[in-house]
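Student: Coordinates in data26.pdb, PDB, C-alpha atoms, are listed below.
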MODEL        1
ATOM      1  CA  MET Q 278    -136.056-178.887  -5.102
ATOM      2  CA  THR Q 279    -138.185-176.614  -7.243
ATOM      3  CA  VAL Q 280    -141.769-176.926  -8.402
ATOM      4  CA  ARG Q 281    -143.397-174.573 -10.913
ATOM      5  CA  LEU Q 282    -146.808-174.597 -12.615
ATOM      6  CA  ILE Q 283    -146.585-173.311 -16.178
ATOM      7  CA  PRO Q 284    -149.491-172.735 -18.595
ATOM      8  CA  TYR Q 285    -148.899-174.839 -21.708
ATOM      9  CA  LEU Q 286    -150.728-173.830 -24.900
ATOM     10  CA  VAL Q 287    -151.248-176.567 -27.477
ATOM     11  CA  MET Q 288    -151.932-175.155 -30.932
ATOM     12  CA  ASN Q 289    -153.140-176.762 -34.149
ATOM     13  CA  GLY Q 290    -150.223-175.945 -36.432
ATOM     14  CA  ASN Q 291    -150.101-172.217 -35.699
ATOM     15  CA  ALA Q 292    -147.858-172.075 -32.614
ATOM     16  CA  SER Q 293    -145.200-170.059 -34.487
ATOM     17  CA  GLU Q 294    -147.836-167.483 -35.397
ATOM     18  CA  ALA Q 295    -149.110-167.388 -31.787
ATOM     19  CA  ILE Q 296    -145.585-166.959 -30.427
ATOM     20  CA  GLN Q 297    -144.966-164.048 -32.790
ATOM     21  CA  PHE Q 298    -148.311-162.516 -31.802
ATOM     22  CA  TYR Q 299    -147.482-162.739 -28.079
ATOM     23  CA  ARG Q 300    -143.969-161.398 -28.698
ATOM     24  CA  GLU Q 301    -145.543-158.254 -30.104
ATOM     25  CA  ALA Q 302    -148.709-158.002 -27.999
ATOM     26  CA  LEU Q 303    -147.165-158.905 -24.631
ATOM     27  CA  GLU Q 304    -143.489-158.058 -25.235
ATOM     28  CA  ALA Q 305    -142.689-161.748 -24.762
ATOM     29  CA  GLU Q 306    -139.144-163.028 -25.070
ATOM     30  CA  VAL Q 307    -138.582-166.382 -26.776
ATOM     31  CA  LEU Q 308    -136.392-168.468 -24.471
ATOM     32  CA  TYR Q 309    -136.475-171.701 -26.489
ATOM     33  CA  SER Q 310    -138.071-173.040 -29.644
ATOM     34  CA  GLN Q 311    -137.675-176.372 -31.453
ATOM     35  CA  THR Q 312    -139.636-177.793 -34.360
ATOM     36  CA  PHE Q 313    -140.489-181.465 -34.832
ATOM     37  CA  GLY Q 314    -138.029-181.463 -37.738
ATOM     38  CA  GLU Q 315    -135.217-180.278 -35.449
ATOM     39  CA  GLY Q 316    -135.798-183.104 -32.955
ATOM     40  CA  PRO Q 317    -133.863-186.365 -32.964
ATOM     41  CA  GLU Q 318    -134.771-188.858 -35.700
ATOM     42  CA  ASP Q 319    -136.655-191.986 -34.650
ATOM     43  CA  PRO Q 320    -136.881-194.530 -37.486
ATOM     44  CA  GLN Q 321    -139.911-196.149 -35.830
ATOM     45  CA  TYR Q 322    -141.774-192.833 -35.846
ATOM     46  CA  PRO Q 323    -140.601-190.761 -38.820
ATOM     47  CA  VAL Q 324    -141.742-187.140 -38.841
ATOM     48  CA  PRO Q 325    -144.019-186.481 -41.823
ATOM     49  CA  GLU Q 326    -142.984-183.602 -44.057
ATOM     50  CA  GLU Q 327    -146.060-181.545 -43.058
ATOM     51  CA  ALA Q 328    -145.017-181.730 -39.374
ATOM     52  CA  LYS Q 329    -141.370-180.705 -39.680
ATOM     53  CA  ASN Q 330    -142.040-176.966 -39.277
ATOM     54  CA  ARG Q 331    -144.551-177.383 -36.458
ATOM     55  CA  ILE Q 332    -143.386-176.392 -32.988
ATOM     56  CA  MET Q 333    -142.504-179.410 -30.848
ATOM     57  CA  HIS Q 334    -141.780-177.209 -27.828
ATOM     58  CA  ALA Q 335    -141.237-173.525 -27.150
ATOM     59  CA  THR Q 336    -140.944-171.406 -24.034
ATOM     60  CA  VAL Q 337    -141.557-167.666 -23.932
ATOM     61  CA  LYS Q 338    -141.250-165.288 -21.014
ATOM     62  CA  VAL Q 339    -143.782-162.542 -20.367
ATOM     63  CA  GLY Q 340    -142.607-160.366 -17.529
ATOM     64  CA  GLU Q 341    -141.690-162.842 -14.785
ATOM     65  CA  THR Q 342    -143.940-165.625 -16.111
ATOM     66  CA  GLU Q 343    -143.234-168.357 -18.623
ATOM     67  CA  LEU Q 344    -145.661-169.774 -21.167
ATOM     68  CA  MET Q 345    -144.971-172.984 -23.054
ATOM     69  CA  PHE Q 346    -146.216-173.867 -26.525
ATOM     70  CA  SER Q 347    -146.402-176.786 -28.885
ATOM     71  CA  ASP Q 348    -148.324-177.766 -31.977
ATOM     72  CA  THR Q 349    -150.274-180.954 -32.256
ATOM     73  CA  PHE Q 350    -148.666-183.673 -34.320
ATOM     74  CA  PRO Q 351    -150.610-184.189 -37.580
ATOM     75  CA  GLY Q 352    -153.543-186.485 -36.876
ATOM     76  CA  GLN Q 353    -153.713-185.678 -33.160
ATOM     77  CA  PRO Q 354    -157.097-184.350 -32.086
ATOM     78  CA  HIS Q 355    -157.301-180.652 -31.301
ATOM     79  CA  GLN Q 356    -160.313-178.870 -29.944
ATOM     80  CA  ILE Q 357    -160.601-175.199 -29.178
ATOM     81  CA  GLY Q 358    -161.150-174.904 -25.438
ATOM     82  CA  ASN Q 359    -158.905-177.749 -24.309
ATOM     83  CA  GLN Q 360    -155.661-176.473 -25.764
ATOM     84  CA  VAL Q 361    -154.414-175.157 -22.420
ATOM     85  CA  THR Q 362    -152.650-177.610 -20.146
ATOM     86  CA  ILE Q 363    -150.705-177.076 -16.949
ATOM     87  CA  CYS Q 364    -147.091-178.180 -16.971
ATOM     88  CA  ILE Q 365    -145.824-179.159 -13.537
ATOM     89  CA  SER Q 366    -142.075-178.709 -13.712
ATOM     90  CA  THR Q 367    -139.757-180.062 -11.022
ATOM     91  CA  ASN Q 368    -136.131-181.090 -10.775
ATOM     92  CA  ASP Q 369    -136.926-184.061  -8.506
ATOM     93  CA  PRO Q 370    -137.903-187.340 -10.259
ATOM     94  CA  GLU Q 371    -139.425-188.706  -7.036
ATOM     95  CA  LYS Q 372    -141.639-185.624  -6.710
ATOM     96  CA  SER Q 373    -142.642-186.020 -10.372
ATOM     97  CA  GLN Q 374    -143.646-189.636  -9.690
ATOM     98  CA  LYS Q 375    -145.615-188.581  -6.599
ATOM     99  CA  PHE Q 376    -147.514-185.882  -8.532
ATOM    100  CA  PHE Q 377    -148.144-188.274 -11.439
ATOM    101  CA  ASN Q 378    -149.472-191.012  -9.143
ATOM    102  CA  ALA Q 379    -151.753-188.610  -7.286
ATOM    103  CA  LEU Q 380    -153.191-186.960 -10.403
ATOM    104  CA  GLN Q 381    -153.918-190.231 -12.192
ATOM    105  CA  GLN Q 382    -156.368-191.380  -9.482
ATOM    106  CA  ASP Q 383    -159.778-191.529 -11.218
ATOM    107  CA  GLY Q 384    -158.171-189.768 -14.194
ATOM    108  CA  GLN Q 385    -156.775-190.839 -17.551
ATOM    109  CA  VAL Q 386    -153.081-191.311 -18.332
ATOM    110  CA  THR Q 387    -152.413-189.955 -21.808
ATOM    111  CA  MET Q 388    -148.672-190.691 -21.679
ATOM    112  CA  PRO Q 389    -147.079-192.819 -18.947
ATOM    113  CA  LEU Q 390    -144.352-191.177 -16.876
ATOM    114  CA  GLN Q 391    -141.171-192.222 -18.640
ATOM    115  CA  GLU Q 392    -137.689-191.178 -19.689
ATOM    116  CA  THR Q 393    -137.606-189.201 -22.937
ATOM    117  CA  PHE Q 394    -134.821-187.527 -24.879
ATOM    118  CA  PHE Q 395    -135.738-184.233 -23.183
ATOM    119  CA  SER Q 396    -136.536-185.344 -19.630
ATOM    120  CA  PRO Q 397    -135.609-188.105 -17.188
ATOM    121  CA  ALA Q 398    -139.319-188.400 -16.268
ATOM    122  CA  TYR Q 399    -142.122-186.967 -18.413
ATOM    123  CA  GLY Q 400    -145.780-187.909 -18.706
ATOM    124  CA  SER Q 401    -149.253-186.481 -19.153
ATOM    125  CA  ILE Q 402    -152.615-187.007 -17.483
ATOM    126  CA  ILE Q 403    -156.171-185.750 -17.645
ATOM    127  CA  ASP Q 404    -157.250-185.644 -14.016
ATOM    128  CA  LYS Q 405    -160.685-186.586 -12.696
ATOM    129  CA  PHE Q 406    -161.844-182.991 -13.217
ATOM    130  CA  GLY Q 407    -160.855-182.963 -16.905
ATOM    131  CA  VAL Q 408    -157.761-180.789 -16.373
ATOM    132  CA  ASN Q 409    -154.796-181.672 -18.596
ATOM    133  CA  PHE Q 410    -151.450-181.883 -16.794
ATOM    134  CA  GLN Q 411    -147.959-182.521 -18.095
ATOM    135  CA  ILE Q 412    -145.356-183.665 -15.581
ATOM    136  CA  TYR Q 413    -141.895-182.515 -16.647
ATOM    137  CA  THR Q 414    -138.715-183.333 -14.754
ATOM    138  CA  GLU Q 415    -135.773-181.025 -15.385
ATOM    139  CA  GLY Q 416    -132.246-182.336 -15.458
ATOM    140  CA  GLU Q 417    -130.060-185.074 -16.869
ATOM    141  CA  HIS Q 418    -131.523-188.300 -18.139
TER     142      HIS Q 418
ENDMDL
END
Let me see whether you can do it: turn the structure in this file into structure tokens.
Tutor:
Amino acid sequence: MTVRLIPYLVMNGNASEAIQFYREALEAEVLYSQTFGEGPEDPQYPVPEEAKNRIMHATVKVGETELMFSDTFPGQPHQIGNQVTICISTNDPEKSQKFFNALQQDGQVTMPLQETFFSPAYGSIIDKFGVNFQIYTEGEH
């Protein structure tokens, strides 16, 4: 079982620009990048044209450390100062559930832990101290 804490930067439509900046400034290597337009189609939630080029998820490596990025979806609130979250990444769904349950005590669930197209168990929480966490489970779903 592995557990990693990864800084996750949420941008307001300029994640591609930030990634390019960090590539140059910090010699970062882009490991993965996907736009909202490249994601699977969901007829219940169509992606508006203005969101298709926004980054849905990207991972860059700086030295031995990874940083993750995404843009907000149009209409989602974004405030400078709260755009950094911590992504807890594990390959054990039971451990993900344990972390999720513990962090939600006196906190606020912003997305219930659930299966998604990219993870067998993913969710997000603002804990009782106001820290934003994403719980990401690696592996098949």
Student: Any idea what's packed within 8 Å of Q:Asn368, counting all atoms listed in the file, ignoring anything in its chain fewer than 4 positions away? Could you give it as a VMD selection string?
Tutor: chain Q and resid 278 to 280 414 to 416
Student: Name all residues at most 12 Å from Q:Lys375 (count only C-alpha atoms; drop same-chain ones fewer than 4 positions away) and give them as a count of residues only.
Tutor: 13
Student: I want to know what sits within 6 Å of Q:Lys338, based on all atoms listed in the file, with residues of the same chain fewer than 3 positions away left out; could you give that as a VMD selection string?
Tutor: chain Q and resid 305 to 306 342 to 343
Student: Take the point (-141.4, -176.8, -31.7) in the file's coordinates, draw a sphere of radius 9 Å around it, and report as a list of chain:residue names every protein, DNA or RNA residue with an atom inside or on it, counting only C-alpha atoms.
Tutor: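 Counting only C-alpha atoms, I find these residues within 9 Å of (-141.4, -176.8, -31.7): Q:Ala292, Q:Ser293, Q:Tyr309, Q:Ser310, Q:Gln311, Q:Thr312, Q:Phe313, Q:Gly314, Q:Glu315, Q:Gly316, Q:Lys329, Q:Asn330, Q:Arg331, Q:Ile332, Q:Met333, Q:His334, Q:Ala335, Q:Phe346, Q:Ser347, Q:Asp348.
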Student: Return the single residue from Q:Tyr285, Q:Phe350, Q:Gly407, Q:Lys372 that is closest to Q:Tyr322, with distances computed using all atoms listed in the file.
Tutor: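 Between Q:Tyr285, Q:Phe350, Q:Gly407, Q:Lys372, the residue approaching Q:Tyr322 most closely is Q:Phe350.
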Student: Suppose you want the space between atom CA of Q:Asn409 and atom CA of Q:Pro325; what is it in Å?
Tutor: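 Interatomic distance, atom CA of Q:Asn409 to atom CA of Q:Pro325: 26.1 Å.
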Student: Just checking: using all atoms listed in the file, which residue out of Q:Ile283, Q:Leu308, Q:Met288, Q:Val386 ends up closest to Q:Gln353?
Tutor: Q:Met288
Student: I'd like the interatomic distance between atom CA of Q:Asp319 and atom CA of Q:Phe395, to a tenth of an Å.
Tutor: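 So the two atoms, atom CA of Q:Asp319 and atom CA of Q:Phe395, lie 13.9 Å apart.
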Student: Assuming the chain letters and numbering stay as they are in my file, what does the PyMOL selection byres ((chain Q and resi 405) around 6) actually select? List them as a PyMOL selection string.
Tutor: chain Q and resi 383-384+404+406-407
Student: Could those residues be written to a file, using C-alpha atoms, as a PDB file, in the frame of the given file?
Tutor:
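Wrote result.pdb, looks like this:
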ATOM      1  CA  ASP Q 383    -159.778-191.529 -11.218  1.00  0.00           C
ATOM      2  CA  GLY Q 384    -158.171-189.768 -14.194  1.00  0.00           C
ATOM      3  CA  ASP Q 404    -157.250-185.644 -14.016  1.00  0.00           C
ATOM      4  CA  PHE Q 406    -161.844-182.991 -13.217  1.00  0.00           C
ATOM      5  CA  GLY Q 407    -160.855-182.963 -16.905  1.00  0.00           C
TER       6      GLY Q 407
END
Student: Using atom CA of Q:Ser401 and atom CA of Q:Leu303 as the two end points, give the distance in Å to one decimal.
Tutor: 28.2 Å
Student: As JSON, please report the centre and edge lengths, rounded to one decimal in Å, of the axis-aligned box that holds all listed atoms of stretch 368-377 of chain Q with 8 Å of padding on each of the six sides.
Tutor:
{"center_x": -142.1, "center_y": -185.4, "center_z": -9.0, "size_x": 28.0, "size_y": 24.5, "size_z": 20.8}
Student: Check the smallest atom-to-atom distance from each of Q:Gln385, Q:Pro320, Q:Thr393, Q:Val337 to Q:Gln297 using all atoms listed in the file, then report the winner.
Tutor: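 Between Q:Gln385, Q:Pro320, Q:Thr393, Q:Val337, the residue approaching Q:Gln297 most closely is Q:Val337.
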Student: Give me, as a list of chain:residue names, all polymer residues having an atom no more than 7 Å from Q:Gln360, counting all atoms listed in the file and skipping those fewer than 4 positions away in the same chain.
Tutor: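 Listed by chain and then number, they are Q:Leu286, Q:Val287, Q:Met288, Q:Gln356.
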Student: Return the single residue from Q:Ser366, Q:Glu327, Q:Gln321, Q:Tyr399 that is closest to Q:Thr349, with distances computed using all atoms listed in the file.
Tutor: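 Of the candidates, the smallest distance to Q:Thr349 is held by Q:Glu327.
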